[in-house]
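The structure appears right after this line, and notes come after that.
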Amino acid sequence: MSYVGPIKALGRCSSAVQWSSFRKCRGAVFAVSQRAASGVATTPAEEKIEGKKPRRRFDVPLGMLKADGTSKRFYKAAGVQKVETDDFRTGSRRTAWSLTLDGRDVRTPANKLLTLPTEDMAMAVALEFEIQDLTILPYTMPITSLAVSAIDQLARSDVRKSAINDLGRVLRTDLVTFRSTDEDLKKVEDEVWGPLCEWAEKRYKTKVRTDLDFTGTEQPDELLQAVVSDVSGVSDWRLTALDQVSRVTGSCLVSIALGFGFYDGDQALTAARLQEQYQADRYGRVEASGLGGHDVDHSDMRTRLAACWTFHRLLPRDK
């Protein structure tokens, strides 16, 4: 089944992928899609049935989009369709959902078909394309960016291994394991980071070390091995989001908490920006300027974390 055009109904419901409204809007999209199915033909097969000569359709390469957002919108409608593909790791057939633009398949910069593991994720990606205006702004499409990274990068064994190793490296000197010598700030850190460390200790059944010295503490090997073993078992899709959060926040524990349901996007943001927010509350914020500011950094990290949280929610529960 293909949903083409009616994705726009979801765009009217919300200008961003917010999980609270996504599920409600999705039902409206499906209903409109059913009505649209009896309208204009959208595939060569349908055109042939109607007695028209099928037109040759070329796949849409995402690699042609410019990162600076100057590429003009070239399609009328985004849609999704159910497809059967081969799992490149096991070789078995699996059901997936692919993005379409005016009925044409879409390919990643590495020339791979843009297929998603769930219908909800495919709908979210289609929404990001549908809400684009006169030009396509890649930096306003975080779910698409994560999906492309998973397909083109994390699917490679060497990149996957590197991402897992990077999570372990970040954990050795994790942001949330250091405490400030400022008593007031340390109290806030204990209130916010303390429950996270306790959750990690229960999950991995080993102690999370904390210290006042930024350069003097490394985590025990038992914790490192447990975390590496944990993340080694997740899918390329989930590992993509785990890797991005770890890089953005400087904390493997925050990333794992977001990925496995202990944190939502706002809680992860609070934990990741705790020290910066404390200083801003105490001494004032540096507003946006030519070189950026606290508000710009806050907004950028919030967008990234919210996208990763949504990405995790859109994945199958058993992955």
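So you can find residues: chains in the structure tokens are A, B, ... in the order shown, residues in each start at 1, and ligands are numbered from 1 in order.
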Set out as CSV a contact list for range 136-194 of chain A and range 106-112 of chain A with a cut-off of 8 Å, giving each residue of range 136-194 of chain A that qualifies its closest atom pair and distance in Å to one decimal, counting only C-alpha atoms, ordered by chain and rising residue number.
residue,atom,partner,partner_atom,distance
A:Val148,CA,A:Thr108,CA,6.3
A:Ile151,CA,A:Lys112,CA,7.5
A:Asp152,CA,A:Ala110,CA,5.9
Which residues are close to Asp133 in chain A, i.e. within 12 Å by only C-alpha atoms, leaving aside same-chain residues fewer than 2 positions away? Reply as a list in words.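 Here the answer would be Lys8, Gly11, Ser15, Gly69, Thr70, Ser71, Lys72, Arg73, Phe74, Tyr75, Lys76, Ala77, Glu128, Phe129, Glu130, Ile131, Thr135, Ile136, Leu137, Pro138 and Thr140 of chain A.
Shortest separation to Thr270 in chain A among A:Glu191, A:Asp184, A:Asp243, A:Asp68 occurs at residue A:Glu191, atoms counted being only C-alpha atoms.
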For the helix (DSSP H, G or I) assignment from backbone DSSP, which residues of range 43-272 of chain A qualify? Please present them as a PyMOL selection string. chain A and resi 44-49+62-64+119-130+138-140+142-154+157-172+175-177+183-204+221-232+236-249+252-259+265-272
Go through range 126-208 of chain A and flag each residue having an atom no more than 12 Å from range 295-303 of chain A; for those, report the closest pair of atoms plus their distance in Å to one decimal, using only C-alpha atoms, ordered by chain and rising number, as JSON lines.
{"residue": "A:Tyr139", "atom": "CA", "partner": "A:Thr303", "partner_atom": "CA", "distance": 10.2}
{"residue": "A:Thr140", "atom": "CA", "partner": "A:Thr303", "partner_atom": "CA", "distance": 9.3}
{"residue": "A:Met141", "atom": "CA", "partner": "A:Thr303", "partner_atom": "CA", "distance": 10.3}
{"residue": "A:Pro142", "atom": "CA", "partner": "A:Thr303", "partner_atom": "CA", "distance": 8.1}
{"residue": "A:Ile143", "atom": "CA", "partner": "A:Thr303", "partner_atom": "CA", "distance": 10.5}
Could you tell me how far CA of Asp266 in chain A lies from CA of Leu127 in chain A, in Å and to one decimal?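 Separation between CA of Asp266 in chain A and CA of Leu127 in chain A: 22.5 Å.
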Selected residue of minimal separation from His312 in chain A among A:Thr217, A:Asp190, A:Glu183, A:Asp120, counting only C-alpha atoms: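 The closest residue to His312 in chain A is A:Asp120.
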I'd like the neighbourhood of Asp211 in chain A as a PyMOL selection string, where a residue qualifies if any of its atoms comes within 9 Å (using only C-alpha atoms), though same-chain residues fewer than 4 positions away should be ignored. chain A and resi 177-180+216-217
Could you pull out the strand (DSSP E) residues of range 50-295 of chain A from DSSP and send them as a JSON list (two decimals) with N, CA, C and O atoms, in the first residue's frame?
[["chain", "number", "residue", "atom", "x", "y", "z"],
["A", 60, "VAL", "N", 15.10, 8.89, -6.96],
["A", 60, "VAL", "CA", 15.55, 10.23, -6.54],
["A", 60, "VAL", "C", 16.80, 10.09, -5.68],
["A", 60, "VAL", "O", 16.77, 9.45, -4.62],
["A", 61, "PRO", "N", 17.94, 10.67, -6.09],
["A", 61, "PRO", "CA", 19.17, 10.58, -5.29],
["A", 61, "PRO", "C", 19.25, 11.72, -4.26],
["A", 61, "PRO", "O", 19.26, 12.90, -4.62],
["A", 71, "SER", "N", 18.73, 23.97, -2.32],
["A", 71, "SER", "CA", 18.10, 23.11, -3.32],
["A", 71, "SER", "C", 16.59, 23.37, -3.34],
["A", 71, "SER", "O", 15.93, 23.37, -2.30],
["A", 72, "LYS", "N", 16.06, 23.59, -4.52],
["A", 72, "LYS", "CA", 14.63, 23.87, -4.65],
["A", 72, "LYS", "C", 13.82, 22.57, -4.50],
["A", 72, "LYS", "O", 14.27, 21.50, -4.88],
["A", 78, "ALA", "N", 5.17, 13.70, -0.81],
["A", 78, "ALA", "CA", 5.96, 12.62, -0.24],
["A", 78, "ALA", "C", 5.02, 11.51, 0.20],
["A", 78, "ALA", "O", 3.89, 11.76, 0.61],
["A", 79, "GLY", "N", 5.47, 10.29, 0.11],
["A", 79, "GLY", "CA", 4.64, 9.16, 0.51],
["A", 79, "GLY", "C", 5.48, 8.01, 1.01],
["A", 79, "GLY", "O", 6.72, 8.08, 1.03],
["A", 80, "VAL", "N", 4.85, 6.94, 1.43],
["A", 80, "VAL", "CA", 5.55, 5.74, 1.88],
["A", 80, "VAL", "C", 4.88, 4.53, 1.27],
["A", 80, "VAL", "O", 3.68, 4.56, 0.94],
["A", 81, "GLN", "N", 5.64, 3.46, 1.10],
["A", 81, "GLN", "CA", 5.07, 2.23, 0.55],
["A", 81, "GLN", "C", 5.74, 1.03, 1.20],
["A", 81, "GLN", "O", 6.90, 1.08, 1.61],
["A", 82, "LYS", "N", 4.99, -0.05, 1.30],
["A", 82, "LYS", "CA", 5.48, -1.28, 1.90],
["A", 82, "LYS", "C", 6.27, -2.07, 0.86],
["A", 82, "LYS", "O", 5.83, -2.22, -0.27],
["A", 83, "VAL", "N", 7.44, -2.55, 1.26],
["A", 83, "VAL", "CA", 8.30, -3.28, 0.32],
["A", 83, "VAL", "C", 8.87, -4.52, 1.00],
["A", 83, "VAL", "O", 8.91, -4.62, 2.23],
["A", 84, "GLU", "N", 9.33, -5.47, 0.19],
["A", 84, "GLU", "CA", 10.03, -6.66, 0.67],
["A", 84, "GLU", "C", 11.49, -6.55, 0.24],
["A", 84, "GLU", "O", 11.78, -6.38, -0.95],
["A", 85, "THR", "N", 12.40, -6.62, 1.19],
["A", 85, "THR", "CA", 13.83, -6.49, 0.89],
["A", 85, "THR", "C", 14.61, -7.62, 1.54],
["A", 85, "THR", "O", 14.10, -8.33, 2.41],
["A", 86, "ASP", "N", 15.86, -7.75, 1.14],
["A", 86, "ASP", "CA", 16.76, -8.74, 1.74],
["A", 86, "ASP", "C", 17.53, -8.09, 2.89],
["A", 86, "ASP", "O", 18.08, -7.00, 2.74],
["A", 93, "ARG", "N", 14.44, -12.55, 3.82],
["A", 93, "ARG", "CA", 13.51, -11.52, 3.36],
["A", 93, "ARG", "C", 12.85, -10.86, 4.55],
["A", 93, "ARG", "O", 12.54, -11.50, 5.55],
["A", 94, "ARG", "N", 12.65, -9.56, 4.46],
["A", 94, "ARG", "CA", 12.00, -8.83, 5.55],
["A", 94, "ARG", "C", 11.09, -7.75, 4.96],
["A", 94, "ARG", "O", 11.30, -7.28, 3.85],
["A", 95, "THR", "N", 10.10, -7.38, 5.74],
["A", 95, "THR", "CA", 9.19, -6.32, 5.35],
["A", 95, "THR", "C", 9.73, -4.98, 5.82],
["A", 95, "THR", "O", 10.18, -4.85, 6.96],
["A", 96, "ALA", "N", 9.70, -4.00, 4.96],
["A", 96, "ALA", "CA", 10.18, -2.66, 5.31],
["A", 96, "ALA", "C", 9.27, -1.63, 4.64],
["A", 96, "ALA", "O", 8.34, -1.98, 3.91],
["A", 97, "TRP", "N", 9.54, -0.37, 4.94],
["A", 97, "TRP", "CA", 8.77, 0.74, 4.36],
["A", 97, "TRP", "C", 9.73, 1.72, 3.72],
["A", 97, "TRP", "O", 10.77, 2.05, 4.29],
["A", 98, "SER", "N", 9.41, 2.14, 2.51],
["A", 98, "SER", "CA", 10.31, 3.04, 1.79],
["A", 98, "SER", "C", 9.65, 4.39, 1.55],
["A", 98, "SER", "O", 8.42, 4.49, 1.45],
["A", 99, "LEU", "N", 10.48, 5.40, 1.43],
["A", 99, "LEU", "CA", 10.00, 6.75, 1.12],
["A", 99, "LEU", "C", 9.84, 6.88, -0.39],
["A", 99, "LEU", "O", 10.63, 6.35, -1.17],
["A", 100, "THR", "N", 8.80, 7.60, -0.80],
["A", 100, "THR", "CA", 8.62, 7.91, -2.22],
["A", 100, "THR", "C", 8.38, 9.41, -2.37],
["A", 100, "THR", "O", 7.78, 10.05, -1.49],
["A", 101, "LEU", "N", 8.86, 9.96, -3.47],
["A", 101, "LEU", "CA", 8.60, 11.35, -3.82],
["A", 101, "LEU", "C", 7.94, 11.35, -5.18],
["A", 101, "LEU", "O", 8.55, 10.94, -6.18],
["A", 104, "ARG", "N", 8.20, 8.02, -6.80],
["A", 104, "ARG", "CA", 9.53, 7.52, -7.16],
["A", 104, "ARG", "C", 10.29, 7.12, -5.90],
["A", 104, "ARG", "O", 10.23, 7.79, -4.87],
["A", 105, "ASP", "N", 11.03, 6.02, -6.00],
["A", 105, "ASP", "CA", 11.85, 5.59, -4.87],
["A", 105, "ASP", "C", 12.97, 6.60, -4.62],
["A", 105, "ASP", "O", 13.37, 7.33, -5.53],
["A", 106, "VAL", "N", 13.47, 6.59, -3.41],
["A", 106, "VAL", "CA", 14.51, 7.54, -3.01],
["A", 106, "VAL", "C", 15.76, 6.76, -2.60],
["A", 106, "VAL", "O", 15.67, 5.73, -1.92],
["A", 107, "ARG", "N", 16.92, 7.25, -3.01],
["A", 107, "ARG", "CA", 18.18, 6.60, -2.68],
["A", 107, "ARG", "C", 19.06, 7.52, -1.84],
["A", 107, "ARG", "O", 19.06, 8.74, -2.02],
["A", 115, "THR", "N", 14.97, 2.68, 2.87],
["A", 115, "THR", "CA", 13.93, 1.86, 3.47],
["A", 115, "THR", "C", 14.03, 1.97, 4.99],
["A", 115, "THR", "O", 15.13, 2.02, 5.55],
["A", 116, "LEU", "N", 12.90, 1.98, 5.65],
["A", 116, "LEU", "CA", 12.83, 2.14, 7.09],
["A", 116, "LEU", "C", 12.24, 0.88, 7.72],
["A", 116, "LEU", "O", 11.43, 0.19, 7.11],
["A", 135, "THR", "N", 12.32, 25.64, -0.73],
["A", 135, "THR", "CA", 13.63, 24.99, -0.77],
["A", 135, "THR", "C", 13.67, 23.88, 0.27],
["A", 135, "THR", "O", 12.89, 23.88, 1.23],
["A", 136, "ILE", "N", 14.60, 22.95, 0.09],
["A", 136, "ILE", "CA", 14.74, 21.82, 1.01],
["A", 136, "ILE", "C", 15.87, 22.12, 1.99],
["A", 136, "ILE", "O", 17.01, 22.34, 1.58]]
Could you give me, as a ChimeraX atom specification, the residues within 12 Å of Leu305 in chain A, counting only C-alpha atoms and dropping anything in the same chain fewer than 2 positions from it? /A:142-143,146,241-249,254-255,257-259,263-273,298-303,307-312
Closest of A:Gln225, A:Thr206, A:Thr240, A:Ser92 to Ala163 in chain A - atom-to-atom distances counting only C-alpha atoms: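 Selected residue with least distance to Ala163 in chain A: A:Thr240.
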Fewer than 6 positions away in the same chain doesn't count, so skip those; otherwise give me all residues within 10 Å of Glu218 in chain A, counting only C-alpha atoms, as an mmCIF file with N, CA, C and O atoms, in the first residue's frame.
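Result written to around_29.cif:
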data_model
loop_
_atom_site.group_PDB
_atom_site.id
_atom_site.type_symbol
_atom_site.label_atom_id
_atom_site.label_comp_id
_atom_site.auth_asym_id
_atom_site.auth_seq_id
_atom_site.Cartn_x
_atom_site.Cartn_y
_atom_site.Cartn_z
ATOM 1 N N LEU A 171 32.552 6.649 27.964
ATOM 2 C CA LEU A 171 32.156 6.197 29.296
ATOM 3 C C LEU A 171 33.308 6.256 30.284
ATOM 4 O O LEU A 171 33.094 6.491 31.487
ATOM 5 N N ARG A 172 34.528 6.053 29.828
ATOM 6 C CA ARG A 172 35.679 6.048 30.735
ATOM 7 C C ARG A 172 35.788 7.350 31.517
ATOM 8 O O ARG A 172 36.174 7.351 32.695
ATOM 9 N N THR A 173 35.476 8.455 30.875
ATOM 10 C CA THR A 173 35.519 9.772 31.545
ATOM 11 C C THR A 173 34.188 10.471 31.314
ATOM 12 O O THR A 173 34.132 11.578 30.782
ATOM 13 N N ASP A 174 33.113 9.802 31.689
ATOM 14 C CA ASP A 174 31.770 10.280 31.407
ATOM 15 C C ASP A 174 31.464 11.586 32.141
ATOM 16 O O ASP A 174 31.834 11.777 33.301
ATOM 17 N N THR A 177 29.933 11.639 35.731
ATOM 18 C CA THR A 177 30.667 11.024 36.838
ATOM 19 C C THR A 177 31.585 12.020 37.547
ATOM 20 O O THR A 177 32.228 11.661 38.526
ATOM 21 N N VAL A 208 29.299 2.689 39.583
ATOM 22 C CA VAL A 208 29.694 3.822 38.741
ATOM 23 C C VAL A 208 30.493 4.779 39.617
ATOM 24 O O VAL A 208 29.971 5.313 40.592
ATOM 25 N N ARG A 209 31.734 4.977 39.289
ATOM 26 C CA ARG A 209 32.608 5.829 40.111
ATOM 27 C C ARG A 209 32.348 7.310 39.834
ATOM 28 O O ARG A 209 32.164 7.711 38.685
ATOM 29 N N THR A 210 32.353 8.107 40.890
ATOM 30 C CA THR A 210 32.262 9.563 40.754
ATOM 31 C C THR A 210 33.432 10.188 41.484
ATOM 32 O O THR A 210 33.949 9.616 42.453
ATOM 33 N N ASP A 211 33.855 11.362 41.029
ATOM 34 C CA ASP A 211 35.031 11.995 41.613
ATOM 35 C C ASP A 211 34.992 13.487 41.367
ATOM 36 O O ASP A 211 34.322 13.959 40.432
ATOM 37 N N LEU A 224 32.582 -1.081 31.897
ATOM 38 C CA LEU A 224 32.871 -0.891 30.471
ATOM 39 C C LEU A 224 32.476 -2.117 29.655
ATOM 40 O O LEU A 224 31.859 -2.007 28.592
#
Counting only C-alpha atoms, which residue out of A:Phe260, A:Val227, A:Val176, A:Arg203 sits closest to Gln275 in chain A? A:Val176
Can you work out which one of A:Leu65, A:Val228, A:Met123, A:Leu274 has the shortest atom-to-atom distance to Val188 in chain A, counting only C-alpha atoms?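 Using only C-alpha atoms, the shortest distance to Val188 in chain A belongs to A:Leu274.
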Give me, please, the distance in Å between CA of Val192 in chain A and CA of Arg304 in chain A, quoted to one decimal.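 Separation of CA of Val192 in chain A and CA of Arg304 in chain A: 20.4 Å.
The coordinates place CA of Asp182 in chain A at 17.8 Å from CA of Gly284 in chain A.
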